[in-house]
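S.K.: See upload_37.cif below, with mmCIF, C-alpha atoms.
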data_target
loop_
_atom_site.label_atom_id
_atom_site.label_comp_id
_atom_site.auth_asym_id
_atom_site.auth_seq_id
_atom_site.Cartn_x
_atom_site.Cartn_y
_atom_site.Cartn_z
CA MET A 1 108.64 141.12 103.41
CA THR A 2 110.06 141.00 99.89
CA LYS A 3 107.89 140.87 96.77
CA ASN A 4 107.89 137.09 96.33
CA SER A 5 108.37 135.96 99.92
CA THR A 6 105.75 134.15 101.98
CA PRO A 7 104.21 136.40 104.66
CA THR A 8 105.07 135.46 108.24
CA MET A 9 103.51 135.95 111.65
CA ASN A 10 105.99 138.77 112.24
CA ASP A 11 104.72 140.55 109.12
CA VAL A 12 101.13 140.29 110.38
CA ALA A 13 102.21 141.62 113.79
CA ARG A 14 103.95 144.60 112.16
CA VAL A 15 100.91 145.54 110.04
CA ALA A 16 98.46 145.03 112.94
CA GLY A 17 100.68 146.89 115.39
CA VAL A 18 100.85 144.05 117.93
CA SER A 19 103.38 141.48 119.08
CA SER A 20 103.91 138.12 117.35
CA MET A 21 102.68 136.41 120.52
CA THR A 22 99.38 138.30 120.28
CA VAL A 23 99.01 137.20 116.65
CA SER A 24 99.60 133.61 117.69
CA ARG A 25 96.95 133.83 120.42
CA ALA A 26 94.46 135.48 118.04
CA PHE A 27 94.46 132.44 115.77
CA LYS A 28 93.50 130.14 118.64
CA ALA A 29 89.93 129.41 119.66
CA ASN A 30 88.78 130.91 122.97
CA SER A 31 91.89 133.10 123.20
CA SER A 32 92.30 136.04 125.60
CA VAL A 33 92.71 138.52 122.73
CA SER A 34 89.91 141.10 122.56
CA GLU A 35 87.54 140.88 119.61
CA THR A 36 88.63 144.28 118.31
CA THR A 37 92.32 143.35 118.34
CA ARG A 38 91.59 139.91 116.93
CA GLN A 39 89.67 141.39 114.01
CA ARG A 40 92.51 143.85 113.30
CA ILE A 41 94.95 140.92 113.20
CA LEU A 42 92.69 138.89 110.93
CA ASP A 43 92.32 141.87 108.58
CA ALA A 44 96.10 142.27 108.46
CA ALA A 45 96.53 138.56 107.72
CA ASP A 46 93.95 138.78 104.94
CA GLN A 47 95.67 141.83 103.50
CA LEU A 48 99.04 140.04 103.41
CA GLY A 49 97.65 136.67 102.31
CA TYR A 50 98.93 135.04 105.49
CA VAL A 51 97.73 131.53 106.41
CA LEU A 52 98.56 130.03 109.80
CA ASP A 53 101.03 127.14 109.58
CA SER A 54 98.92 124.49 111.32
CA THR A 55 101.72 121.94 110.97
CA ALA A 56 104.01 124.04 113.13
CA ALA A 57 101.20 124.62 115.61
CA GLY A 58 100.55 120.90 115.70
CA LEU A 59 104.10 120.15 116.77
CA SER A 60 103.41 121.72 120.14
CA THR A 61 99.80 120.59 120.58
CA ARG A 62 100.25 117.18 118.89
CA LYS A 63 97.06 117.92 116.99
CA THR A 64 97.01 117.96 113.20
CA GLY A 65 93.40 119.02 112.72
CA PHE A 66 92.48 116.44 110.10
CA VAL A 67 90.56 113.18 109.92
CA ALA A 68 91.71 110.64 107.34
CA VAL A 69 88.91 109.02 105.33
CA ILE A 70 89.31 106.21 102.80
CA ILE A 71 86.52 105.28 100.38
CA PRO A 72 86.61 102.69 97.57
CA SER A 73 85.32 105.01 94.84
CA ILE A 74 85.12 108.76 94.20
CA ASN A 75 82.37 108.23 91.59
CA ASN A 76 79.83 106.80 94.05
CA ALA A 77 77.09 109.25 95.02
CA ASN A 78 76.40 107.45 98.30
CA PHE A 79 80.00 107.66 99.47
CA ALA A 80 79.90 111.34 98.47
CA LEU A 81 76.90 111.82 100.78
CA THR A 82 78.76 110.16 103.64
CA ILE A 83 81.81 112.40 103.06
CA SER A 84 79.59 115.48 102.82
CA ALA A 85 77.99 114.73 106.20
CA LEU A 86 81.38 114.02 107.77
CA ASN A 87 82.84 117.26 106.49
CA GLU A 88 79.85 119.37 107.56
CA HIS A 89 79.81 118.04 111.11
CA LEU A 90 83.59 117.94 111.63
CA SER A 91 84.43 121.34 110.14
CA ASN A 92 82.34 123.08 112.80
CA SER A 93 84.86 121.71 115.31
CA GLY A 94 87.89 122.81 113.30
CA LEU A 95 88.58 119.39 111.79
CA GLN A 96 89.15 118.83 108.08
CA VAL A 97 88.68 115.67 106.02
CA LEU A 98 91.68 114.31 104.13
CA LEU A 99 90.36 111.90 101.52
CA GLY A 100 91.89 108.85 99.86
CA TYR A 101 90.29 106.25 97.62
CA SER A 102 91.27 102.62 97.20
CA ASP A 103 89.47 101.62 93.98
CA TYR A 104 88.12 98.51 95.79
CA ASP A 105 91.70 97.28 96.26
CA MET A 106 92.71 96.20 99.79
CA GLU A 107 96.42 96.47 99.00
CA GLU A 108 95.88 100.05 97.90
CA GLU A 109 93.88 100.72 101.07
CA GLU A 110 96.84 99.46 103.12
CA ARG A 111 99.22 101.78 101.26
CA ILE A 112 96.93 104.77 101.87
CA VAL A 113 96.54 103.94 105.56
CA LYS A 114 100.33 103.88 105.99
CA ALA A 115 100.67 107.21 104.16
CA PHE A 116 97.98 108.82 106.30
CA LEU A 117 99.45 107.50 109.56
CA ARG A 118 102.75 109.23 108.75
CA ARG A 119 100.80 112.51 108.88
CA ARG A 120 99.30 111.71 112.30
CA PRO A 121 95.54 112.09 111.71
CA GLU A 122 93.30 112.60 114.70
CA ALA A 123 91.00 109.79 113.56
CA ILE A 124 90.77 107.35 110.66
CA VAL A 125 87.58 106.35 108.82
CA VAL A 126 87.66 103.34 106.49
CA THR A 127 84.96 101.77 104.35
CA GLY A 128 83.99 98.20 105.16
CA GLY A 129 85.21 95.71 107.72
CA VAL A 130 87.57 93.57 105.62
CA HIS A 131 91.22 94.63 105.29
CA THR A 132 94.62 93.04 104.79
CA GLU A 133 96.15 91.66 107.99
CA SER A 134 98.89 94.29 107.84
CA CYS A 135 96.33 97.06 107.43
CA ARG A 136 94.42 95.82 110.49
CA ARG A 137 97.63 95.87 112.52
CA TYR A 138 98.47 99.43 111.42
CA LEU A 139 94.98 100.64 112.27
CA ALA A 140 94.86 98.82 115.62
CA ALA A 141 98.23 100.29 116.63
CA SER A 142 97.49 103.81 115.36
CA GLY A 143 96.56 105.20 118.77
CA VAL A 144 93.66 107.21 117.29
CA PRO A 145 89.95 106.44 116.89
CA VAL A 146 89.31 104.08 113.97
CA ILE A 147 85.80 103.84 112.53
CA GLU A 148 84.79 101.19 110.00
CA THR A 149 81.75 102.32 108.00
CA TRP A 150 79.18 100.84 105.64
CA ASP A 151 79.49 97.50 107.39
CA LEU A 152 79.12 95.81 110.79
CA PRO A 153 82.20 93.59 111.09
CA ALA A 154 82.07 90.71 113.56
CA SER A 155 85.39 91.86 115.04
CA PRO A 156 85.69 95.63 114.62
CA ILE A 157 89.14 97.15 114.94
CA ASN A 158 87.76 99.92 117.13
CA HIS A 159 84.34 101.35 116.21
CA ALA A 160 81.81 100.70 113.44
CA VAL A 161 78.93 102.64 111.90
CA GLY A 162 77.02 100.63 109.35
CA PHE A 163 74.61 97.81 108.69
CA SER A 164 74.52 94.14 107.77
CA ASN A 165 74.94 93.85 104.00
CA ALA A 166 73.86 90.21 104.22
CA ARG A 167 70.62 91.25 105.90
CA ALA A 168 70.00 93.80 103.14
CA GLY A 169 70.32 90.98 100.59
CA ARG A 170 67.91 88.78 102.54
CA ILE A 171 65.33 91.58 102.74
CA MET A 172 65.37 92.05 98.97
CA ALA A 173 65.16 88.30 98.32
CA ARG A 174 62.11 88.01 100.58
CA HIS A 175 60.50 90.91 98.71
CA LEU A 176 60.99 89.30 95.30
CA VAL A 177 59.75 85.92 96.50
CA GLY A 178 56.78 87.64 98.11
CA GLN A 179 55.96 89.19 94.74
CA GLY A 180 55.61 85.69 93.32
CA TYR A 181 58.89 85.43 91.41
CA LYS A 182 60.58 82.03 91.37
CA LYS A 183 63.33 82.19 88.73
CA ILE A 184 65.45 84.78 90.50
CA GLY A 185 68.95 86.01 89.68
CA PHE A 186 71.62 88.26 91.18
CA ILE A 187 74.20 90.44 89.42
CA GLY A 188 77.34 91.25 91.37
CA GLY A 189 81.06 91.76 90.89
CA ASN A 190 84.26 90.13 92.00
CA VAL A 191 83.74 88.94 95.59
CA GLU A 192 87.39 89.63 96.43
CA ARG A 193 87.18 93.28 95.37
CA ASP A 194 83.68 94.22 96.50
CA ARG A 195 83.28 92.45 99.85
CA ARG A 196 80.16 94.38 100.84
CA GLY A 197 78.50 93.51 97.54
CA ALA A 198 79.56 89.91 98.13
CA ASP A 199 77.89 89.97 101.55
CA ARG A 200 74.65 91.22 99.97
CA ARG A 201 74.87 88.40 97.45
CA HIS A 202 75.42 85.81 100.19
CA GLY A 203 72.44 87.05 102.18
CA PHE A 204 70.31 87.11 99.03
CA GLU A 205 71.45 83.61 98.09
CA GLU A 206 70.77 82.23 101.57
CA GLU A 207 67.21 83.52 101.50
CA VAL A 208 66.54 82.25 97.96
CA ARG A 209 67.77 78.78 98.99
CA ALA A 210 65.71 78.93 102.17
CA GLN A 211 62.65 79.51 99.98
CA GLY A 212 63.47 76.30 98.06
CA LEU A 213 64.46 78.12 94.88
CA SER A 214 67.45 77.70 92.54
CA THR A 215 70.48 79.99 92.71
CA GLU A 216 71.88 79.04 89.29
CA ARG A 217 71.04 82.49 87.91
CA PHE A 218 73.68 84.25 90.03
CA TRP A 219 76.01 86.21 87.73
CA GLU A 220 79.52 87.11 88.83
CA SER A 221 82.17 89.15 87.03
CA ASN A 222 85.88 89.75 87.50
CA GLU A 223 85.15 93.46 87.76
CA ALA A 224 83.17 95.34 90.38
CA ILE A 225 79.75 95.79 88.75
CA ILE A 226 79.14 99.34 89.90
CA THR A 227 78.55 101.17 86.60
CA MET A 228 75.63 101.29 84.17
CA GLU A 229 77.73 99.72 81.44
CA ALA A 230 78.81 96.85 83.68
CA GLY A 231 75.21 96.28 84.74
CA ARG A 232 74.02 96.30 81.14
CA ASN A 233 76.70 93.84 80.01
CA ALA A 234 76.07 91.51 82.96
CA MET A 235 72.32 91.52 82.34
CA SER A 236 72.83 90.75 78.65
CA GLY A 237 75.02 87.79 79.60
CA LEU A 238 72.52 86.55 82.19
CA LEU A 239 69.60 86.75 79.74
CA GLU A 240 71.59 84.94 77.06
CA LYS A 241 72.23 82.04 79.45
CA PHE A 242 68.90 82.13 81.30
CA PRO A 243 66.29 83.81 79.06
CA ASP A 244 63.44 82.69 81.37
CA THR A 245 64.72 84.74 84.34
CA GLU A 246 61.84 86.46 86.13
CA ALA A 247 63.57 88.80 88.57
CA VAL A 248 67.09 90.09 89.28
CA MET A 249 68.72 92.00 92.14
CA CYS A 250 71.78 94.06 91.24
CA ALA A 251 74.55 95.05 93.66
CA SER A 252 73.68 98.75 93.24
CA ASP A 253 71.00 101.00 91.73
CA VAL A 254 73.47 102.24 89.12
CA SER A 255 74.12 98.75 87.76
CA ALA A 256 70.38 98.02 88.09
CA PHE A 257 69.65 100.92 85.74
CA GLY A 258 72.11 99.49 83.22
CA ALA A 259 70.49 96.07 83.61
CA MET A 260 67.07 97.59 82.96
CA MET A 261 68.38 99.23 79.77
CA ALA A 262 69.63 95.80 78.61
CA CYS A 263 66.12 94.43 79.16
CA HIS A 264 64.60 97.27 77.13
CA ARG A 265 67.04 96.60 74.29
CA ALA A 266 66.11 92.92 74.38
CA GLY A 267 62.44 93.83 74.05
CA LEU A 268 61.57 92.88 77.61
CA ARG A 269 59.15 94.97 79.62
CA VAL A 270 59.93 95.87 83.24
CA PRO A 271 58.20 94.63 85.36
CA GLU A 272 55.74 92.78 83.09
CA ASP A 273 58.38 90.41 81.65
CA ILE A 274 61.16 90.73 84.21
CA ALA A 275 61.59 92.52 87.55
CA ILE A 276 64.70 94.55 88.42
CA ALA A 277 65.86 95.62 91.90
CA GLY A 278 68.93 97.47 93.14
CA PHE A 279 70.55 98.77 96.29
CA GLY A 280 71.52 102.16 97.69
CA ALA A 281 68.51 104.46 97.10
CA TYR A 282 70.39 106.48 94.47
CA ASP A 283 68.57 109.41 92.85
CA ILE A 284 68.55 107.60 89.52
CA SER A 285 66.44 104.75 90.93
CA ALA A 286 63.67 107.16 92.03
CA ASN A 287 63.71 109.27 88.86
CA CYS A 288 63.88 106.76 86.02
CA PHE A 289 60.95 104.86 84.48
CA PRO A 290 59.94 102.52 85.79
CA GLU A 291 61.23 103.53 89.22
CA ILE A 292 63.66 100.90 90.54
CA THR A 293 62.96 99.03 93.79
CA SER A 294 65.86 99.67 96.12
CA ILE A 295 67.17 99.58 99.69
CA ASP A 296 68.02 102.72 101.64
CA VAL A 297 70.70 102.48 104.35
CA GLY A 298 71.05 106.20 105.08
CA ALA A 299 74.31 107.18 103.35
CA TYR A 300 74.22 110.72 104.75
CA ASP A 301 73.29 109.53 108.23
CA ILE A 302 76.28 107.16 108.27
CA GLY A 303 78.48 110.24 107.92
CA VAL A 304 76.57 112.10 110.63
CA GLU A 305 76.87 109.25 113.16
CA THR A 306 80.54 108.72 112.29
CA ALA A 307 81.30 112.41 112.86
CA LYS A 308 79.47 112.37 116.20
CA LEU A 309 81.44 109.33 117.30
CA ILE A 310 84.76 110.92 116.30
CA LEU A 311 83.99 114.14 118.16
CA MET A 312 82.91 112.27 121.29
CA GLU A 313 86.03 110.11 121.17
CA LEU A 314 88.29 113.13 120.79
CA ALA A 315 86.45 114.78 123.67
CA GLY A 316 87.01 111.67 125.75
CA ASP A 317 83.34 110.72 126.01
CA SER A 318 82.00 108.12 123.57
CA ARG A 319 79.37 106.98 126.06
CA LYS A 320 76.73 109.31 124.59
CA LEU A 321 75.77 106.81 121.93
CA ALA A 322 72.87 106.67 119.52
CA ASN A 323 69.92 104.54 120.64
CA ASN A 324 70.70 101.97 117.95
CA SER A 325 74.24 101.34 119.19
CA THR A 326 76.00 98.69 121.21
CA ALA A 327 79.18 99.01 123.21
CA THR A 328 81.99 96.96 124.69
CA ASP A 329 85.01 98.20 126.63
CA ASN A 330 86.96 99.05 123.47
CA SER A 331 84.43 99.42 120.65
CA ARG A 332 81.22 101.18 119.74
CA CYS A 333 78.97 99.81 116.99
CA ILE A 334 76.12 101.90 115.61
CA GLU A 335 73.71 99.90 113.45
CA MET A 336 71.94 101.91 110.76
CA PRO A 337 68.37 101.02 109.71
CA ILE A 338 67.74 99.15 106.46
CA THR A 339 64.65 100.34 104.58
CA LEU A 340 63.11 98.52 101.62
CA LEU A 341 61.76 100.90 98.94
CA PRO A 342 59.26 98.87 96.85
CA ARG A 343 58.69 100.48 93.44
CA LEU A 344 57.27 99.79 90.02
CA SER A 345 60.26 97.80 88.71
CA THR A 346 59.23 94.82 90.87
CA GLY A 347 55.50 95.17 90.31
CA GLU A 348 54.56 97.61 93.05
#
Would you mind writing the file's structure down as structure tokens?
M.R.:
Amino acid sequence: MTKNSTPTMNDVARVAGVSSMTVSRAFKANSSVSETTRQRILDAADQLGYVLDSTAAGLSTRKTGFVAVIIPSINNANFALTISALNEHLSNSGLQVLLGYSDYDMEEEERIVKAFLRRRPEAIVVTGGVHTESCRRYLAASGVPVIETWDLPASPINHAVGFSNARAGRIMARHLVGQGYKKIGFIGGNVERDRRGADRRHGFEEEVRAQGLSTERFWESNEAIITMEAGRNAMSGLLEKFPDTEAVMCASDVSAFGAMMACHRAGLRVPEDIAIAGFGAYDISANCFPEITSIDVGAYDIGVETAKLILMELAGDSRKLANNSTATDNSRCIEMPITLLPRLSTGE
């Protein structure tokens, strides 16, 4: 091996005093190589800086060792929890997560899916159940397990691990009405970009109408209202148009915090003058003052259940389902619980 060359399997074999075939076997799980010899080979590889070329190995096994995951945002703490759980539970089985993010853009999601499929992932995890028609075709024809998360689509491509966003919206609406609020608003983003947020809005709106109340205080923006600044600006606009608003649900806890800051700046007390609620059970909602009423859907647990489903699919046995799951011949849907977290911001 020359000074600047990349170390090879033959170099490792020479240093360890074994054949190249033995080195190859030593890097495989459950190999016939003795532990003493295997450790000597690993020490030689470490000394040389050798890393097994898994791409070359995959050509013979047709296994690439990675799971492709697409999320809409890399700044969202809940998506980070889902990815963390996925990575923890998959890495123990030798699988790695390859991450892409779509920025809430379905066309970008389609582009990422095509790029991932060229690299032959062993499974694909996407966020939500709404995709471009082309993207659905690519995923359906991929030949690998496809799991849609953070949603329960009516017609899943393959499998789903999530919850009904519309039901989450209805639960929060019933809570606010039950607290005695009548002039109720909702702050959400562009329904074409944030489909899950749009579903929460629709469920919230349906319940408000069912209670015989007006839905004129529903604020919509061209952007996805997922930041504090966006929540603050939206709340300022809502209060300017409807200063008598009594309660507002925001599409996320982060935007709810921004909305609450807008209320403070306007001299409004929360919850004495106006109630604020969010979604997602973010840390900020439990650690600000007043604490923000939220909904917990188990972001980490979504990752855990998704990883379990992937591993069972790759092992050829997806029948060992969670108790909260349903199954058809070609799909498995695991419904995650929705938990209301009543807090001080809505008068608790």
S.K.: Given the choices A:Glu110, A:Asp43, A:Glu291, A:Asp296, which gets closest to A:Met172 if the distance is worked out from only C-alpha atoms?
M.R.: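 Nearest candidate to A:Met172 out of A:Glu110, A:Asp43, A:Glu291, A:Asp296: A:Asp296.
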S.K.: Please identify all polymer residues within 12 Å of A:Gln39, counting all atoms listed in the file, omitting same-chain residues fewer than 4 positions from it, and present them as JSON, numbers by chain.
M.R.: {"A": [16, 22, 23, 26, 27, 33, 34, 35, 43, 44, 45, 46]}
S.K.: Can you measure atom CA of A:Pro121 to atom CA of A:Ala154 for me? One decimal in Å is fine.
M.R.: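 Interatomic distance here is 25.3 Å.
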S.K.: Find the residues around A:Asp11 up to 10 Å (only C-alpha atoms counted), leave out those fewer than 6 positions away in its own chain, and share them as a ChimeraX atom specification.
M.R.: /A:1,17,20,44-45,48,50
S.K.: Which one is closest to A:Pro7: A:Ala140, A:Val51, A:Leu42, A:Ala259? Count only C-alpha atoms.
M.R.: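 Closest to A:Pro7, using only C-alpha atoms: A:Val51.
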S.K.: For A:Gly303, work out the shell of residues within 10 Å, counting all atoms listed in the file and skipping chain neighbours fewer than 5 positions away, then give it as a PDB file with C-alpha atoms, keeping the file's coordinate frame.
M.R.:
ATOM      1  CA  PHE A  79      80.000 107.660  99.470  1.00  0.00           C
ATOM      2  CA  ALA A  80      79.900 111.340  98.470  1.00  0.00           C
ATOM      3  CA  LEU A  81      76.900 111.820 100.780  1.00  0.00           C
ATOM      4  CA  THR A  82      78.760 110.160 103.640  1.00  0.00           C
ATOM      5  CA  ILE A  83      81.810 112.400 103.060  1.00  0.00           C
ATOM      6  CA  SER A  84      79.590 115.480 102.820  1.00  0.00           C
ATOM      7  CA  ALA A  85      77.990 114.730 106.200  1.00  0.00           C
ATOM      8  CA  LEU A  86      81.380 114.020 107.770  1.00  0.00           C
ATOM      9  CA  ASN A  87      82.840 117.260 106.490  1.00  0.00           C
ATOM     10  CA  GLU A  88      79.850 119.370 107.560  1.00  0.00           C
ATOM     11  CA  HIS A  89      79.810 118.040 111.110  1.00  0.00           C
ATOM     12  CA  LEU A  90      83.590 117.940 111.630  1.00  0.00           C
ATOM     13  CA  VAL A 125      87.580 106.350 108.820  1.00  0.00           C
ATOM     14  CA  THR A 149      81.750 102.320 108.000  1.00  0.00           C
ATOM     15  CA  TRP A 150      79.180 100.840 105.640  1.00  0.00           C
ATOM     16  CA  VAL A 161      78.930 102.640 111.900  1.00  0.00           C
ATOM     17  CA  GLY A 162      77.020 100.630 109.350  1.00  0.00           C
ATOM     18  CA  GLY A 298      71.050 106.200 105.080  1.00  0.00           C
ATOM     19  CA  LYS A 308      79.470 112.370 116.200  1.00  0.00           C
ATOM     20  CA  LEU A 309      81.440 109.330 117.300  1.00  0.00           C
TER      21      LEU A 309
END
S.K.: Give me the residues within 6 Å of A:Phe66 as a PyMOL selection string, counting all atoms listed in the file and dropping any in the same chain fewer than 6 places off.
M.R.: chain A and resi 95-97+121
S.K.: Using all atoms listed in the file for the distances, tell me which of A:Gly237, A:Asn222, A:Arg170, A:Arg119 is nearest to A:Arg209.
M.R.: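 Among the listed residues, the smallest separation from A:Arg209 belongs to A:Arg170.
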S.K.: Between A:Glu216, A:Asp283, A:Glu148, A:Asp199, which has the minimum distance to A:Phe242 (counting all atoms listed in the file)?
M.R.: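 Under the stated criterion, the closest residue is A:Glu216.
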S.K.: Using all atoms listed in the file for the distances, tell me which of A:Arg343, A:Arg332, A:Arg200, A:Lys63 is nearest to A:Val270.
M.R.: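 Once distances to A:Val270 are computed over all atoms listed in the file, the minimum belongs to A:Arg343.
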S.K.: Can you give me all heavy atoms for stretch 70-79 of chain A, written as a tab-separated table (two decimals), in the frame of the given file?
M.R.:
chain	number	residue	atom	x	y	z
A	70	ILE	N	89.02	107.01	104.00
A	70	ILE	CA	89.31	106.21	102.80
A	70	ILE	C	88.01	105.59	102.29
A	70	ILE	O	87.29	104.92	103.02
A	70	ILE	CB	90.32	105.09	103.10
A	70	ILE	CG1	91.60	105.68	103.69
A	70	ILE	CG2	90.64	104.29	101.84
A	70	ILE	CD1	92.59	104.63	104.18
A	71	ILE	N	87.70	105.85	101.02
A	71	ILE	CA	86.52	105.28	100.38
A	71	ILE	C	86.98	104.48	99.16
A	71	ILE	O	88.06	104.73	98.62
A	71	ILE	CB	85.52	106.37	99.96
A	71	ILE	CG1	86.19	107.39	99.02
A	71	ILE	CG2	84.92	107.05	101.19
A	71	ILE	CD1	85.24	108.44	98.47
A	72	PRO	N	86.18	103.51	98.71
A	72	PRO	CA	86.61	102.69	97.57
A	72	PRO	C	86.42	103.35	96.22
A	72	PRO	O	87.02	102.92	95.23
A	72	PRO	CB	85.74	101.43	97.70
A	72	PRO	CG	84.53	101.88	98.42
A	72	PRO	CD	84.97	102.98	99.35
A	73	SER	N	85.59	104.39	96.14
A	73	SER	CA	85.32	105.01	94.84
A	73	SER	C	84.98	106.48	95.04
A	73	SER	O	84.25	106.85	95.98
A	73	SER	CB	84.15	104.31	94.14
A	73	SER	OG	83.73	105.04	92.99
A	74	ILE	N	85.47	107.34	94.15
A	74	ILE	CA	85.12	108.76	94.20
A	74	ILE	C	83.97	109.06	93.24
A	74	ILE	O	83.53	110.21	93.14
A	74	ILE	CB	86.34	109.64	93.86
A	74	ILE	CG1	86.91	109.28	92.48
A	74	ILE	CG2	87.39	109.55	94.93
A	74	ILE	CD1	88.03	110.19	92.03
A	75	ASN	N	83.47	108.05	92.54
A	75	ASN	CA	82.37	108.23	91.59
A	75	ASN	C	81.03	107.76	92.15
A	75	ASN	O	80.03	107.75	91.45
A	75	ASN	CB	82.65	107.47	90.29
A	75	ASN	CG	83.89	107.98	89.59
A	75	ASN	OD1	84.12	109.18	89.54
A	75	ASN	ND2	84.69	107.08	89.03
A	76	ASN	N	81.02	107.36	93.42
A	76	ASN	CA	79.83	106.80	94.05
A	76	ASN	C	79.10	107.89	94.81
A	76	ASN	O	79.64	108.48	95.75
A	76	ASN	CB	80.24	105.65	94.98
A	76	ASN	CG	79.07	104.93	95.58
A	76	ASN	OD1	78.20	105.53	96.19
A	76	ASN	ND2	79.05	103.61	95.43
A	77	ALA	N	77.85	108.16	94.41
A	77	ALA	CA	77.09	109.25	95.02
A	77	ALA	C	76.82	108.99	96.50
A	77	ALA	O	76.75	109.95	97.30
A	77	ALA	CB	75.77	109.44	94.28
A	78	ASN	N	76.66	107.75	96.90
A	78	ASN	CA	76.40	107.45	98.30
A	78	ASN	C	77.61	107.73	99.18
A	78	ASN	O	77.49	108.27	100.28
A	78	ASN	CB	75.94	106.00	98.47
A	78	ASN	CG	74.45	105.86	98.22
A	78	ASN	OD1	73.72	106.85	98.17
A	78	ASN	ND2	73.98	104.65	98.06
A	79	PHE	N	78.79	107.34	98.72
A	79	PHE	CA	80.00	107.66	99.47
A	79	PHE	C	80.19	109.17	99.55
A	79	PHE	O	80.66	109.71	100.55
A	79	PHE	CB	81.22	107.00	98.84
A	79	PHE	CG	81.20	105.50	98.91
A	79	PHE	CD1	81.70	104.74	97.86
A	79	PHE	CD2	80.68	104.84	100.01
A	79	PHE	CE1	81.69	103.35	97.92
A	79	PHE	CE2	80.65	103.46	100.08
A	79	PHE	CZ	81.16	102.71	99.03
